[in-house]
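Below you'll find the structure, written out as structure tokens, and then a few comments.
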Amino acid sequence: MVVGRVTDECPVAVSVELLWKVVFTGDVSIFTKACVGLVDAVEVDGDGGPGSVTTMKLNPAVGDAKVFKTRLLARDAAARVVKSELVVEGGELAGQMKSQVSEVKVVPAGEGACVVHMTVEYERVDGAPLPPADEAMILQGYLSLIKKVEEYLVAHPGEFA
């Protein structure tokens with residue numbers, strides 16, 4: 001049962017192909033390098049396909065949340081869509097959530113640009129919707145990773161091309 005659903009979109013000044021390669025193909029070494037200062041380490045348990053569990057250790061400077069674990073539900077490279085189930089360890093929201101599923105779709109937006117469409121569906125332990133500020137915080141967490149990668153790729157344009 002889904003209690004809440006939040007969506008947002010984020011324009012990115014990098015091509016859809018490059019953003020997909022760095023963030024969503026499962027190559028953790030590229031992703032970790034592009035997120036330096038935000039993500040300290042990424043480990044994958046599994047073959048990187050559906051069912052694999054990824055553990056992302058965040059830099060202490062990020063704030064309250066320290067570790068995110070996601071289980072990949074689906075990855076469609078042709079449609080540029082990824083769906084994951086997230087378990088937050090640490091942080092204020094962790095004790096409130098029963099489930100949280102994210103879907104990210106990356107679409108072209110002209111030469112060297114794309115738009116990331118983010119949808120998060122969640123269910124709280126108490127069955128109530130989150131306050132709008134907490135919903136915004138969830139989206140900001142996802143989109144801050146995308147913006148960090150964008151920042152790195154713009155500053156290092158040929159590195160992962």
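Every chain in the structure tokens takes a letter, A first, then B, and so on in the order presented; its residues are numbered from 1, and the ligands are numbered from 1 following the presented order.
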Using the chain letters and numbers from this document, which residues of region 5-144 of chain A does DSSP assign to helix (DSSP H, G or I), as a PyMOL selection string? chain A and resi 16-24+28-34+60-62+94-96+132-144
Step one, run DSSP on the backbone; step two, keep only residues of region 6-136 of chain A assigned to strand (DSSP E or B); then write them as an NGL selection string. :A and (6-12 or 39-45 or 53-58 or 67-76 or 81-89 or 97-108 or 114-124)
Report as a list in words all protein, DNA and RNA residues lying within 8 Å of region 118-133 of chain A, evaluated on only C-alpha atoms, omitting residues in the same chain fewer than 4 positions from it.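 Near region 118-133 of chain A, the qualifying residues are Met1, Val2, Val3, Gly4, Arg5, Val6, Thr7, Asp8, Glu9, Gly95, Gln96, Met97, Lys98, Ser99, Gln100, Val101, Ser102, Glu103, Val104, Lys105, Met137 and Leu139 of chain A.
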Selection to disk with C-alpha atoms, as a compact mmCIF listing (two decimals), in the first residue's frame:
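out.txt, freshly written:
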# COMPACT_ATOMS: atom_id res chain seq x y z
CA MET A 1 0.00 0.00 0.00
CA VAL A 2 1.48 3.33 -1.06
CA VAL A 3 0.69 6.21 1.26
CA GLY A 4 2.67 8.97 -0.41
CA ARG A 5 4.07 9.79 -3.80
CA VAL A 6 6.39 12.67 -4.59
CA THR A 7 7.82 13.67 -7.94
CA ASP A 8 10.28 16.19 -9.25
CA GLU A 9 12.42 16.79 -12.26
CA GLY A 95 12.38 4.99 11.83
CA GLN A 96 9.32 6.38 10.08
CA MET A 97 9.43 4.42 6.82
CA LYS A 98 7.95 1.00 6.12
CA SER A 99 8.92 1.09 2.44
CA GLN A 100 10.28 3.49 -0.13
CA VAL A 101 10.57 2.83 -3.86
CA SER A 102 12.23 5.24 -6.25
CA GLU A 103 12.01 5.43 -10.01
CA VAL A 104 14.37 7.56 -12.06
CA LYS A 105 13.89 8.25 -15.75
CA MET A 137 14.04 16.25 1.89
CA LEU A 139 13.67 14.24 -3.21
All residues 10 Å or closer to Ala109 (chain A), only C-alpha atoms, same chain fewer than 4 positions away omitted, as a list in words: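 Listed by chain and then number, they are Pro11, Val12, Ala13, Val14, Ser15, Val16, Ala113, Cys114, Val115 and Val116 of chain A.
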Go ahead and write the selection's residues with N, CA and C atoms as a short mmCIF file (atom, residue, chain, number, x, y, z; two decimals), in the first residue's frame.
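Output contents, as saved in selection_21.cif:
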data_model
loop_
_atom_site.label_atom_id
_atom_site.label_comp_id
_atom_site.auth_asym_id
_atom_site.auth_seq_id
_atom_site.Cartn_x
_atom_site.Cartn_y
_atom_site.Cartn_z
N PRO A 11 16.78 19.47 -14.43
CA PRO A 11 17.55 19.62 -15.66
C PRO A 11 19.04 19.40 -15.37
N VAL A 12 19.72 18.74 -16.28
CA VAL A 12 21.13 18.43 -16.10
C VAL A 12 21.88 18.82 -17.37
N ALA A 13 23.01 19.51 -17.18
CA ALA A 13 23.79 20.03 -18.31
C ALA A 13 24.82 19.01 -18.81
N VAL A 14 24.38 17.76 -18.93
CA VAL A 14 25.20 16.69 -19.48
C VAL A 14 24.29 15.83 -20.35
N SER A 15 24.86 15.14 -21.31
CA SER A 15 24.05 14.30 -22.19
C SER A 15 23.43 13.14 -21.42
N VAL A 16 22.31 12.67 -21.92
CA VAL A 16 21.63 11.54 -21.30
C VAL A 16 22.54 10.31 -21.27
N ALA A 113 22.42 17.77 -22.96
CA ALA A 113 21.59 18.04 -21.79
C ALA A 113 20.54 16.94 -21.64
N CYS A 114 20.03 16.81 -20.43
CA CYS A 114 18.96 15.86 -20.17
C CYS A 114 18.14 16.34 -18.98
N VAL A 115 17.05 15.65 -18.73
CA VAL A 115 16.21 15.93 -17.58
C VAL A 115 16.02 14.62 -16.82
N VAL A 116 16.20 14.68 -15.51
CA VAL A 116 15.99 13.53 -14.65
C VAL A 116 14.61 13.68 -14.02
#
At what distance in Å, to one decimal, does CA of Val82 (chain A) lie from CA of Val107 (chain A)? 12.3 Å
